[in-house]
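Next comes run_16.pdb, with PDB, C-alpha atoms.
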MODEL        1
ATOM      1  CA  MET B   1      90.716  76.230 111.693
ATOM      2  CA  SER B   2      92.891  78.328 109.405
ATOM      3  CA  LEU B   3      92.223  81.961 108.604
ATOM      4  CA  ARG B   4      94.098  81.762 105.283
ATOM      5  CA  GLY B   5      92.130  83.657 102.649
ATOM      6  CA  LYS B   6      89.692  85.111 105.202
ATOM      7  CA  VAL B   7      89.096  88.833 105.700
ATOM      8  CA  LEU B   8      88.895  90.253 109.220
ATOM      9  CA  PHE B   9      87.696  93.750 110.179
ATOM     10  CA  ILE B  10      89.255  94.548 113.549
ATOM     11  CA  THR B  11      88.475  97.732 115.452
ATOM     12  CA  GLY B  12      91.070  99.134 117.814
ATOM     13  CA  ALA B  13      93.795  97.224 116.012
ATOM     14  CA  SER B  14      96.526  99.860 116.202
ATOM     15  CA  ARG B  15      97.637  98.541 119.602
ATOM     16  CA  GLY B  16      96.766  96.198 122.437
ATOM     17  CA  ILE B  17      94.511  93.171 122.091
ATOM     18  CA  GLY B  18      93.184  94.307 118.708
ATOM     19  CA  LYS B  19      96.700  94.374 117.274
ATOM     20  CA  ALA B  20      97.504  91.015 118.867
ATOM     21  CA  ILE B  21      94.457  89.476 117.177
ATOM     22  CA  ALA B  22      95.449  91.059 113.855
ATOM     23  CA  LEU B  23      98.982  89.688 114.077
ATOM     24  CA  ARG B  24      97.764  86.205 114.977
ATOM     25  CA  ALA B  25      95.398  86.226 112.004
ATOM     26  CA  ALA B  26      98.199  87.488 109.746
ATOM     27  CA  ARG B  27     100.381  84.521 110.691
ATOM     28  CA  ASP B  28      97.587  82.338 109.284
ATOM     29  CA  GLY B  29      97.599  84.363 106.052
ATOM     30  CA  ALA B  30      94.461  86.436 106.652
ATOM     31  CA  CYS B  31      93.684  89.822 105.155
ATOM     32  CA  VAL B  32      93.118  92.321 107.955
ATOM     33  CA  ALA B  33      91.319  95.665 107.881
ATOM     34  CA  ILE B  34      92.817  97.662 110.739
ATOM     35  CA  ALA B  35      90.258 100.203 111.917
ATOM     36  CA  ALA B  36      91.355 102.648 114.602
ATOM     37  CA  LYS B  37      91.570 106.342 115.428
ATOM     38  CA  THR B  38      95.357 106.659 115.550
ATOM     39  CA  ALA B  39      96.933 107.716 112.284
ATOM     40  CA  ASP B  40      99.566 110.036 113.775
ATOM     41  CA  PRO B  41     102.150 108.885 116.332
ATOM     42  CA  ASN B  42     101.443 109.800 119.947
ATOM     43  CA  PRO B  43     104.467 110.211 122.245
ATOM     44  CA  LYS B  44     102.547 108.585 125.116
ATOM     45  CA  LEU B  45     101.071 105.612 123.224
ATOM     46  CA  PRO B  46     103.014 103.596 120.655
ATOM     47  CA  GLY B  47     101.362 102.413 117.458
ATOM     48  CA  THR B  48      99.347 103.768 114.567
ATOM     49  CA  ILE B  49      97.125 102.135 111.968
ATOM     50  CA  PHE B  50     100.081 102.334 109.585
ATOM     51  CA  SER B  51     102.630 100.745 111.912
ATOM     52  CA  ALA B  52     100.146  97.972 112.748
ATOM     53  CA  ALA B  53      99.500  97.393 109.029
ATOM     54  CA  SER B  54     103.233  97.096 108.443
ATOM     55  CA  GLU B  55     103.512  94.523 111.237
ATOM     56  CA  VAL B  56     100.562  92.548 109.836
ATOM     57  CA  GLU B  57     102.221  92.402 106.430
ATOM     58  CA  GLY B  58     105.522  91.421 108.057
ATOM     59  CA  ALA B  59     103.718  88.540 109.776
ATOM     60  CA  GLY B  60     102.464  87.181 106.453
ATOM     61  CA  GLY B  61      99.049  88.783 106.046
ATOM     62  CA  LYS B  62      97.653  91.577 103.927
ATOM     63  CA  ALA B  63      96.560  94.795 105.609
ATOM     64  CA  LEU B  64      94.331  97.786 104.989
ATOM     65  CA  ALA B  65      94.664 100.714 107.404
ATOM     66  CA  ILE B  66      91.380 102.573 107.995
ATOM     67  CA  GLN B  67      91.278 105.674 110.173
ATOM     68  CA  CYS B  68      87.912 105.918 111.891
ATOM     69  CA  ASP B  69      86.292 106.403 115.265
ATOM     70  CA  ILE B  70      83.476 103.875 115.540
ATOM     71  CA  ARG B  71      81.867 106.038 118.234
ATOM     72  CA  GLU B  72      81.120 108.673 115.580
ATOM     73  CA  GLU B  73      78.099 107.655 113.513
ATOM     74  CA  GLU B  74      78.857 110.256 110.816
ATOM     75  CA  GLN B  75      81.963 108.342 109.791
TER      76      GLN B  75
ENDMDL
END

Let me see the file written as structure tokens.
Amino acid sequence: MSLRGKVLFITGASRGIGKAIALRAARDGACVAIAAKTADPNPKLPGTIFSAASEVEGAGGKALAIQCDIREEEQ
């Protein structure tokens, strides 16, 4: 099954398994909404929503970086 033309909303996609899923979907040509807390670089943890979005686009997908904390209902 191809993800070409599909839209995925992935939480925690700035690093780790979320980013891996986003990159895999991008290789299929998916559009990926990258939702995560990290917008500013952290010296202890690599990756931000913006760096992940850049990687998604480099892998062939389209990306939208969304800064949010899904634990916070007000957002």

Exercise. Using the chain letters and numbers from the file, give me the residues hit by the PyMOL selection byres ((chain B and resi 17-27) around 8), as a VMD selection string.
Key: chain B and resid 3 10 to 16 28 to 32 34 52 55 to 57 59 to 62

Self-check item: Straight-line distance linking CA of Pro43 (chain B) with CA of Gln75 (chain B), stated in Å to one decimal
Solution: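 Interatomic distance here is 25.8 Å.
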
Self-check item: For CA of Thr38 (chain B) and CA of Val7 (chain B), the interatomic separation in Å (one decimal)
Solution: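 So the answer is 21.3 Å.
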
Practice problem: Would you mind telling me which residue in B:Pro41, B:Ala35, B:Lys6, B:Cys68 lies nearest to Ala53 (chain B) when using all atoms listed in the file? | Solution: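 Closest candidate: B:Ala35.
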
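The space between CA of Gln67 (chain B) and CA of Leu45 (chain B) spans 16.3 Å.
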